[in-house]
$ cat model_2.txt   # compact mmCIF, C-alpha atoms and all ligand atoms
# COMPACT_ATOMS: atom_id res chain seq x y z
CA MET V 160 84.40 -75.74 130.99
CA ILE V 161 85.59 -77.06 127.62
CA GLU V 162 89.31 -76.36 127.94
CA PRO V 163 89.82 -76.33 131.71
CA LEU V 164 93.13 -75.14 133.16
CA VAL V 165 94.09 -77.88 135.58
CA LEU V 166 96.99 -78.14 138.03
CA GLY V 167 97.92 -81.74 138.89
CA ILE V 168 99.93 -82.91 141.89
CA GLU V 169 101.73 -86.27 142.03
CA THR V 170 103.43 -87.56 145.19
CA SER V 171 102.80 -91.32 145.19
CA CYS V 172 106.48 -92.29 145.34
CA ASP V 173 109.72 -90.31 145.25
CA GLU V 174 108.79 -87.60 142.74
CA THR V 175 107.19 -84.36 143.88
CA ALA V 176 105.63 -83.46 140.56
CA VAL V 177 103.34 -80.68 139.42
CA GLY V 178 101.90 -80.40 135.93
CA ILE V 179 99.59 -77.85 134.37
CA VAL V 180 97.46 -78.52 131.30
CA ARG V 181 94.84 -76.58 129.42
CA GLY V 182 92.47 -79.23 128.14
CA ARG V 183 94.77 -81.59 126.26
CA THR V 184 97.63 -79.11 125.92
CA LEU V 185 100.63 -79.42 128.23
CA LEU V 186 101.76 -76.09 129.72
CA ALA V 187 104.16 -77.15 132.48
CA ASN V 188 105.67 -80.31 133.90
CA VAL V 189 107.99 -79.82 136.88
CA ILE V 190 109.53 -82.71 138.80
CA ALA V 191 111.60 -82.61 141.99
CA SER V 192 112.93 -86.09 142.68
CA SER V 193 114.32 -87.39 145.96
CA VAL V 194 115.78 -90.44 144.15
CA GLU V 195 119.35 -89.61 145.16
CA GLU V 196 118.42 -89.71 148.84
CA HIS V 197 117.15 -93.28 148.36
CA ALA V 198 119.85 -94.61 146.05
CA ARG V 199 122.15 -95.89 148.80
CA PHE V 200 119.27 -97.96 150.22
CA GLY V 201 118.61 -99.59 146.82
CA GLY V 202 114.96 -98.58 146.90
CA VAL V 203 112.58 -95.83 148.00
CA VAL V 204 112.42 -95.22 151.78
CA PRO V 205 108.85 -94.02 152.52
CA GLU V 206 109.72 -91.72 155.43
CA ILE V 207 112.44 -89.96 153.45
CA ALA V 208 110.07 -89.58 150.48
CA SER V 209 107.32 -87.97 152.60
CA ARG V 210 109.67 -85.44 154.14
CA ALA V 211 111.14 -84.59 150.74
CA HIS V 212 107.62 -84.00 149.36
CA LEU V 213 106.88 -81.53 152.16
CA GLU V 214 110.02 -79.56 151.37
CA ALA V 215 109.61 -79.62 147.60
CA MET V 216 105.86 -79.02 147.29
CA GLN V 217 105.62 -75.26 147.40
CA PRO V 218 108.65 -74.48 145.19
CA THR V 219 107.49 -77.08 142.67
CA ILE V 220 103.99 -75.56 142.44
CA LYS V 221 105.50 -72.08 142.03
CA GLN V 222 107.89 -73.26 139.33
CA ALA V 223 105.06 -74.95 137.40
CA LEU V 224 102.95 -71.78 137.50
CA ARG V 225 105.95 -69.78 136.21
CA GLU V 226 106.56 -72.25 133.39
CA ALA V 227 102.90 -72.30 132.39
CA LYS V 228 102.78 -68.48 132.62
CA VAL V 229 99.58 -68.59 134.64
CA SER V 230 98.72 -67.53 138.17
CA LEU V 231 97.04 -69.64 140.82
CA ASN V 232 93.83 -67.65 140.38
CA ASP V 233 93.60 -68.77 136.73
CA ILE V 234 93.34 -72.45 137.74
CA ASP V 235 89.90 -73.99 137.05
CA ALA V 236 90.46 -77.26 138.92
CA VAL V 237 93.04 -79.11 140.98
CA ALA V 238 93.86 -82.79 140.45
CA VAL V 239 95.86 -85.04 142.73
CA THR V 240 96.97 -88.65 142.94
CA ALA V 241 94.80 -90.37 145.58
CA GLY V 242 96.55 -93.76 145.20
CA PRO V 243 97.95 -96.29 144.81
CA GLY V 244 101.31 -95.42 146.34
CA LEU V 245 103.13 -94.85 149.61
CA ILE V 246 100.53 -93.58 152.07
CA GLY V 247 102.69 -90.96 153.80
CA ALA V 248 103.84 -89.65 150.44
CA LEU V 249 100.30 -89.57 149.02
CA LEU V 250 99.03 -87.64 152.03
CA VAL V 251 101.40 -84.74 151.37
CA GLY V 252 99.99 -84.34 147.85
CA VAL V 253 96.42 -84.82 148.96
CA GLY V 254 96.75 -82.27 151.78
CA SER V 255 98.31 -79.73 149.43
CA ALA V 256 95.65 -80.23 146.76
CA ALA V 257 92.81 -79.98 149.25
CA GLY V 258 94.33 -76.78 150.63
CA LEU V 259 94.53 -75.29 147.14
CA ALA V 260 90.99 -76.36 146.24
CA ILE V 261 89.60 -74.81 149.43
CA GLY V 262 91.68 -71.64 149.12
CA LEU V 263 90.79 -71.13 145.45
CA ASP V 264 87.22 -72.40 145.85
CA LYS V 265 87.68 -74.68 142.83
CA PRO V 266 86.75 -78.32 142.25
CA MET V 267 89.23 -81.06 143.01
CA TYR V 268 89.65 -84.43 141.30
CA ALA V 269 91.37 -87.10 143.39
CA VAL V 270 92.47 -89.56 140.72
CA ASN V 271 94.08 -92.95 140.28
CA HIS V 272 97.83 -92.89 139.61
CA LEU V 273 97.60 -95.82 137.17
CA ALA V 274 94.77 -94.34 135.14
CA ALA V 275 96.75 -91.09 135.09
CA HIS V 276 99.75 -92.94 133.58
CA VAL V 277 97.49 -94.01 130.70
CA SER V 278 95.76 -90.64 130.35
CA VAL V 279 98.98 -88.71 129.78
CA ASP V 280 98.94 -90.24 126.32
CA TYR V 281 95.99 -88.00 125.47
CA ILE V 282 98.10 -84.88 125.83
CA THR V 283 100.92 -86.42 123.79
CA HIS V 284 98.73 -87.66 120.97
CA LYS V 285 95.71 -85.58 120.09
CA GLU V 286 93.66 -88.15 118.17
CA LYS V 287 90.03 -88.71 119.10
CA ILE V 288 89.81 -90.71 122.32
CA LYS V 289 88.45 -94.20 121.75
CA PRO V 290 88.45 -97.53 123.60
CA THR V 291 91.94 -99.00 123.84
CA ILE V 292 93.93 -101.79 125.40
CA ALA V 293 96.52 -100.38 127.80
CA LEU V 294 99.71 -102.07 128.91
CA LEU V 295 100.64 -100.41 132.17
CA VAL V 296 104.18 -101.19 133.25
CA SER V 297 105.74 -99.33 136.17
CA GLY V 298 107.88 -99.94 139.21
CA GLY V 299 104.93 -101.04 141.31
CA HIS V 300 102.45 -102.41 138.75
CA SER V 301 102.21 -104.42 135.57
CA SER V 302 98.69 -104.78 134.22
CA LEU V 303 96.78 -105.22 131.01
CA LEU V 304 93.69 -103.04 130.92
CA GLN V 305 90.74 -102.54 128.66
CA VAL V 306 90.07 -98.82 128.79
CA ASN V 307 86.54 -98.20 127.57
CA ASP V 308 86.49 -94.64 128.87
CA ILE V 309 89.50 -93.28 130.76
CA THR V 310 87.25 -91.13 132.99
CA SER V 311 84.86 -93.87 134.05
CA SER V 312 85.38 -97.41 132.77
CA ILE V 313 88.60 -99.41 133.09
CA VAL V 314 88.47 -103.21 133.11
CA LYS V 315 91.45 -105.17 134.41
CA LEU V 316 92.29 -108.10 132.10
CA GLY V 317 95.36 -109.29 133.99
CA GLN V 318 98.29 -108.30 136.14
CA THR V 319 101.59 -109.55 137.50
CA ILE V 320 101.30 -112.34 140.04
CA ASP V 321 104.65 -111.42 141.62
CA ASP V 322 107.10 -108.67 140.66
CA ALA V 323 106.21 -105.68 138.51
CA ALA V 324 108.23 -105.29 135.30
CA GLY V 325 110.04 -102.21 136.62
CA GLU V 326 110.75 -103.99 139.88
CA ALA V 327 112.40 -106.81 137.92
CA PHE V 328 114.60 -104.24 136.13
CA ASP V 329 115.49 -102.66 139.47
CA LYS V 330 116.29 -105.97 141.18
CA ILE V 331 118.48 -107.29 138.37
CA ALA V 332 120.28 -103.95 138.14
CA ARG V 333 120.95 -104.23 141.86
CA VAL V 334 122.46 -107.71 141.48
CA MET V 335 124.56 -106.40 138.59
CA LYS V 336 125.56 -103.33 140.66
CA LEU V 337 124.14 -100.91 138.11
CA GLY V 338 122.49 -98.59 140.67
CA PHE V 339 118.90 -97.49 141.27
CA PRO V 340 116.54 -97.13 139.47
CA GLY V 341 117.73 -99.97 137.31
CA GLY V 342 115.57 -99.62 134.21
CA PRO V 343 117.47 -96.82 132.48
CA ALA V 344 120.86 -98.44 133.33
CA ILE V 345 119.87 -101.84 131.89
CA ASP V 346 118.29 -100.15 128.88
CA ALA V 347 121.61 -98.38 128.14
CA MET V 348 123.81 -101.42 128.77
CA ALA V 349 121.58 -103.70 126.69
CA LYS V 350 122.28 -101.58 123.62
CA GLU V 351 125.83 -103.00 123.61
CA GLY V 352 124.71 -106.60 124.08
CA ASN V 353 123.25 -109.51 122.15
CA ALA V 354 119.59 -110.03 123.04
CA SER V 355 119.61 -113.65 121.91
CA ALA V 356 122.86 -114.60 123.67
CA ILE V 357 121.03 -116.24 126.58
CA ASN V 358 117.59 -117.81 126.38
CA PHE V 359 116.01 -116.64 129.64
CA PRO V 360 112.53 -117.96 130.54
CA ARG V 361 109.32 -116.23 129.40
CA GLY V 362 106.98 -116.24 132.42
CA LEU V 363 103.39 -117.58 132.11
CA THR V 364 103.62 -118.49 128.42
CA THR V 365 103.12 -122.27 128.46
CA SER V 366 100.05 -123.49 126.58
CA ASN V 367 98.40 -124.14 129.93
CA ASP V 368 99.13 -120.55 131.02
CA TRP V 369 97.60 -119.23 127.79
CA GLN V 370 94.46 -121.19 128.68
CA THR V 371 94.19 -120.27 132.33
CA ARG V 372 95.82 -116.82 132.75
CA PRO V 373 96.52 -115.35 129.33
CA TYR V 374 96.89 -111.75 130.52
CA ASP V 375 98.78 -112.27 133.77
CA PHE V 376 102.53 -111.76 134.08
CA SER V 377 105.23 -113.33 136.23
CA PHE V 378 108.79 -112.02 136.40
CA SER V 379 110.14 -113.69 139.52
CA GLY V 380 111.22 -116.87 137.67
CA LEU V 381 113.14 -114.72 135.22
CA LYS V 382 114.79 -112.84 138.08
CA THR V 383 115.90 -116.12 139.67
CA ALA V 384 117.16 -117.45 136.32
CA VAL V 385 119.27 -114.34 135.75
CA ALA V 386 120.67 -114.44 139.30
CA ARG V 387 121.58 -118.14 138.86
CA TYR V 388 123.21 -117.43 135.51
CA LEU V 389 125.36 -114.67 137.05
CA GLU V 390 126.50 -117.05 139.79
CA SER V 391 127.18 -120.05 137.60
CA VAL V 392 128.86 -118.35 134.61
CA PRO V 393 131.72 -116.33 136.14
CA ASP V 394 132.94 -114.87 132.85
CA TYR V 395 129.52 -113.69 131.72
CA VAL V 396 129.24 -110.72 129.37
CA ARG V 397 127.32 -108.03 131.26
CA ALA V 398 125.80 -106.42 128.20
CA ASP V 399 124.57 -109.80 126.90
CA VAL V 400 122.90 -110.55 130.24
CA ALA V 401 121.23 -107.11 130.27
CA ALA V 402 120.05 -107.46 126.67
CA SER V 403 118.78 -111.04 127.04
CA PHE V 404 116.99 -110.25 130.32
CA GLN V 405 115.37 -107.18 128.80
CA GLU V 406 114.36 -109.17 125.71
CA SER V 407 112.50 -111.71 127.83
CA ILE V 408 110.46 -108.97 129.53
CA VAL V 409 109.75 -107.10 126.29
CA ASP V 410 108.79 -110.28 124.46
CA VAL V 411 106.27 -111.40 127.10
CA LEU V 412 104.76 -107.93 127.52
CA MET V 413 104.14 -107.63 123.80
CA LEU V 414 102.89 -111.21 123.33
CA LYS V 415 100.23 -110.64 125.97
CA ALA V 416 99.33 -107.09 124.95
CA LEU V 417 98.76 -108.13 121.34
CA ALA V 418 96.77 -111.19 122.42
CA ALA V 419 94.50 -108.86 124.42
CA CYS V 420 94.01 -106.61 121.38
CA LYS V 421 93.20 -109.60 119.20
CA GLU V 422 90.80 -111.23 121.66
CA SER V 423 88.93 -107.99 122.45
CA GLY V 424 88.80 -106.85 118.84
CA ILE V 425 90.27 -103.48 119.90
CA ASP V 426 92.88 -102.32 117.38
CA SER V 427 94.54 -99.75 119.58
CA LEU V 428 97.26 -100.12 122.22
CA VAL V 429 98.65 -97.58 124.68
CA ILE V 430 101.80 -98.45 126.64
CA ALA V 431 102.26 -96.42 129.81
CA GLY V 432 104.24 -96.29 133.06
CA GLY V 433 107.97 -95.97 133.71
CA VAL V 434 108.96 -99.11 131.79
CA ALA V 435 107.28 -97.65 128.67
CA ALA V 436 110.37 -95.41 128.51
CA ASN V 437 112.41 -98.54 127.65
CA SER V 438 113.90 -98.11 124.19
CA ARG V 439 113.77 -101.79 123.25
CA LEU V 440 110.12 -102.08 124.32
CA ARG V 441 109.28 -99.04 122.19
CA THR V 442 111.02 -100.52 119.12
CA VAL V 443 109.59 -104.04 119.44
CA ALA V 444 106.11 -102.68 120.20
CA GLN V 445 106.16 -100.56 117.04
CA GLU V 446 107.37 -103.46 114.87
CA ARG V 447 104.82 -105.93 116.18
CA CYS V 448 101.90 -103.47 116.20
CA ASP V 449 102.65 -102.45 112.60
CA LYS V 450 102.61 -106.11 111.61
CA ALA V 451 99.34 -106.78 113.46
CA GLY V 452 97.58 -103.62 112.21
CA ILE V 453 97.30 -102.19 115.72
CA ALA V 454 97.55 -98.42 116.29
CA LEU V 455 100.26 -97.97 118.91
CA SER V 456 100.62 -95.00 121.18
CA ILE V 457 103.38 -94.47 123.75
CA PRO V 458 103.87 -91.16 125.57
CA ALA V 459 107.21 -89.37 125.18
CA PRO V 460 109.79 -91.04 127.49
CA GLY V 461 109.79 -88.08 129.92
CA LEU V 462 106.04 -88.48 130.43
CA CYS V 463 106.22 -92.26 131.00
CA THR V 464 107.86 -92.06 134.42
CA ASP V 465 105.96 -90.40 137.28
CA ASN V 466 105.00 -86.79 136.60
CA GLY V 467 102.35 -84.21 137.42
CA ALA V 468 101.21 -83.67 133.83
CA MET V 469 99.57 -87.09 133.82
CA VAL V 470 97.52 -86.20 136.89
CA ALA V 471 96.55 -82.83 135.45
CA SER V 472 95.67 -84.56 132.19
CA LEU V 473 93.28 -86.98 133.85
CA GLY V 474 91.79 -84.13 135.91
CA ALA V 475 91.17 -82.12 132.74
CA LEU V 476 89.51 -85.11 131.04
CA MET V 477 87.32 -85.61 134.12
CA ALA V 478 86.31 -81.95 134.13
CA ALA V 479 85.61 -81.92 130.40
CA ALA V 480 83.49 -85.07 130.72
CA GLY V 481 81.45 -83.45 133.50
CA ARG V 482 82.47 -86.07 136.08
CA ARG V 483 81.73 -85.32 139.73
CA PRO V 484 84.61 -83.68 141.62
CA THR V 485 85.88 -85.24 144.84
CA PRO V 486 84.70 -83.71 148.13
CA VAL V 487 87.75 -82.24 149.90
CA ALA V 488 87.48 -84.54 152.91
CA PHE V 489 88.71 -87.83 151.48
CA ASP V 490 91.31 -90.43 152.31
CA ALA V 491 94.29 -91.31 150.17
CA ASN V 492 94.26 -95.02 149.42
CA SER V 493 97.64 -96.75 149.16
CA SER V 494 96.08 -99.74 147.36
CA LEU V 495 93.46 -98.00 145.23
CA PRO V 496 92.37 -100.53 142.57
CA VAL V 497 93.08 -99.58 138.96
CA THR V 498 89.37 -99.85 138.17
CA VAL V 499 88.57 -96.87 140.44
CA VAL V 500 89.47 -93.90 138.23
CA SER V 501 88.65 -91.23 140.79
CA LEU V 502 87.22 -90.84 144.27
CA SER V 503 83.77 -89.33 144.52
O1 LIG V 601 105.95 -95.22 136.62
P1 LIG V 601 107.18 -95.06 137.40
O2 LIG V 601 107.99 -93.80 137.24
O3 LIG V 601 106.89 -95.20 138.94
C1 LIG V 601 105.95 -96.09 139.45
O4 LIG V 601 104.75 -95.72 139.45
O5 LIG V 601 106.38 -97.19 139.81
O6 LIG V 601 108.08 -96.34 137.07
C2 LIG V 601 109.35 -96.50 137.63
C3 LIG V 601 109.95 -97.77 137.07
C4 LIG V 601 111.26 -98.16 137.74
O7 LIG V 601 111.18 -99.50 138.12
C5 LIG V 601 112.29 -97.94 136.65
O8 LIG V 601 113.40 -98.83 136.73
C6 LIG V 601 111.47 -98.20 135.41
O9 LIG V 601 110.22 -97.62 135.68
N1 LIG V 601 112.07 -97.58 134.22
C7 LIG V 601 112.55 -98.28 133.17
C8 LIG V 601 113.12 -97.34 132.28
N2 LIG V 601 112.95 -96.09 132.82
C9 LIG V 601 112.30 -96.26 134.00
N3 LIG V 601 112.57 -99.60 132.93
C10 LIG V 601 113.13 -100.02 131.79
N4 LIG V 601 113.72 -99.20 130.90
C11 LIG V 601 113.73 -97.85 131.10
N5 LIG V 601 114.30 -97.03 130.20
ZN ZN V 602 103.93 -94.49 138.31
$ encode --input "model_2.txt" --output "structure tokens" --more "lines below"
Ligand code: KG4
Ligand code: ZN
Amino acid sequence: MIEPLVLGIETSCDETAVGIVRGRTLLANVIASSVEEHARFGGVVPEIASRAHLEAMQPTIKQALREAKVSLNDIDAVAVTAGPGLIGALLVGVGSAAGLAIGLDKPMYAVNHLAAHVSVDYITHKEKIKPTIALLVSGGHSSLLQVNDITSSIVKLGQTIDDAAGEAFDKIARVMKLGFPGGPAIDAMAKEGNASAINFPRGLTTSNDWQTRPYDFSFSGLKTAVARYLESVPDYVRADVAASFQESIVDVLMLKALAACKESGIDSLVIAGGVAANSRLRTVAQERCDKAGIALSIPAPGLCTDNGAMVASLGALMAAAGRRPTPVAFDANSSLPVTVVSLS
């Protein structure tokens, strides 16, 4: 099975997403989001997400097959997010994938959502796959990883000790009444602002931090600093706050990512997860990687946020590498560690 046709299902949060790939070629990427049903609560409500997945699953699979111009019987393997994520939401995807795998009598790969975020880069950029540092920044996670082999060996170098980067964007957007999710709104508003107008703190970057936890992140101090600023400076310029807040996050992410590249001697960096869609992060990352001689790879913005193509992509890489499929009777794991690429 050199170029396996793989259907991937993603339901870890509020997107019911189905992607189809043939090897490293993307054929379909269909996303049904329940985000609008959660917006008035300012965050994702698990029960609402699970019910929305149940309703959207079948039409989303059908639409993906239509887009890919393949039939269910053509599928060589099914891949699904096994975790981390909301357990009720995950179970809808897992149940659907297991049903398909049994019905079609095809192998199933139950994969890690975070590894899948990184692996989607391999369908965007077709270069030879080699060890890389990965900066994974999403709504639930912010980690620095050393990816020796995306199908089998991921080492965690560091992670956030409090909020995830995306969570910080969402919380500040909430305080600034910019809606949910906050990342895209702050990204847009920041374009009109001055990024050096306010010098917000850079978490875990004192010389002591560089000694003791060089690859960990902390964004809660920044969040508090921004909230205090908004309270104490009544005539603040919204765009300047957005731009300066965003700059602090981008600066710290890139400082630590490049330090990891330097220390490990790996001259390649992948940035993945929803926050990788951030336009300022993409620009600064390119500038700094060019300067440091690091090959930078960031998936297209539409593939950075949750999608099914990333799950299909990891499934296809697993199949091509001859990794063992997952037996159909398995449990989703809401806190699956990033180092566990797939369940076996
Ligand atoms: O990876 P993702 O879609 O879901 C999780 O696995 O968490 O990431 C969602 C996060 C949200 O916090 C959202 O605000 C953030 O990604 N995000 C952004 C941008 N687009 C999405 N953050 C900053 N700038 C963006 N353009
Ligand atoms: Zn995600």
$ residues_near_ligand --input "model_2.txt" --ligand "ligand LIG 601 (chain V)" --cutoff "9 Å" --atoms "only C-alpha atoms and all ligand atoms" --output "number ranges by chain"
V: 171-174, 243-244, 272-273, 276, 295-300, 323-330, 332, 339-347, 405, 431-440, 460, 462-466
$ residues_around --input "model_2.txt" --residues "stretch 249-251 of chain V" --least-positions-apart "3" --cutoff "9 Å" --atoms "only C-alpha atoms" --output "list in words"
Glu169, Thr170, Ser171, Cys172, Ser209, Arg210, His212, Leu213, Met216, Val239, Thr240, Ala241, Gly242, Pro243, Gly244, Leu245, Ile246, Gly254, Ser255, Ala256, Asp490, Ala491, Asn492 and Ser493 of chain V
$ residues_around --input "model_2.txt" --residues "V:Ala451" --least-positions-apart "3" --cutoff "10 Å" --atoms "all atoms listed in the file" --output "mmCIF file with C-alpha atoms, in the frame of the given file"
data_model
loop_
_atom_site.group_PDB
_atom_site.id
_atom_site.type_symbol
_atom_site.label_atom_id
_atom_site.label_comp_id
_atom_site.auth_asym_id
_atom_site.auth_seq_id
_atom_site.Cartn_x
_atom_site.Cartn_y
_atom_site.Cartn_z
ATOM 1 C CA LEU V 417 98.760 -108.130 121.340
ATOM 2 C CA CYS V 420 94.010 -106.610 121.380
ATOM 3 C CA LYS V 421 93.200 -109.600 119.200
ATOM 4 C CA ASP V 426 92.880 -102.320 117.380
ATOM 5 C CA GLN V 445 106.160 -100.560 117.040
ATOM 6 C CA GLU V 446 107.370 -103.460 114.870
ATOM 7 C CA ARG V 447 104.820 -105.930 116.180
ATOM 8 C CA CYS V 448 101.900 -103.470 116.200
ATOM 9 C CA ALA V 454 97.550 -98.420 116.290
#
$ atom_distance --input "model_2.txt" --atom1 "atom CA of V:Ala208" --atom2 "atom CA of V:Val194"
8.6 Å
$ residues_around --input "model_2.txt" --residues "V:Thr283" --least-positions-apart "5" --cutoff "9 Å" --atoms "only C-alpha atoms" --output "short mmCIF file (atom, residue, chain, number, x, y, z; two decimals) with C-alpha atoms, in the coordinates of the input"
data_model
loop_
_atom_site.label_atom_id
_atom_site.label_comp_id
_atom_site.auth_asym_id
_atom_site.auth_seq_id
_atom_site.Cartn_x
_atom_site.Cartn_y
_atom_site.Cartn_z
CA ARG V 183 94.77 -81.59 126.26
CA THR V 184 97.63 -79.11 125.92
CA LEU V 185 100.63 -79.42 128.23
CA SER V 456 100.62 -95.00 121.18
CA ILE V 457 103.38 -94.47 123.75
CA PRO V 458 103.87 -91.16 125.57
CA ALA V 459 107.21 -89.37 125.18
CA LEU V 462 106.04 -88.48 130.43
#
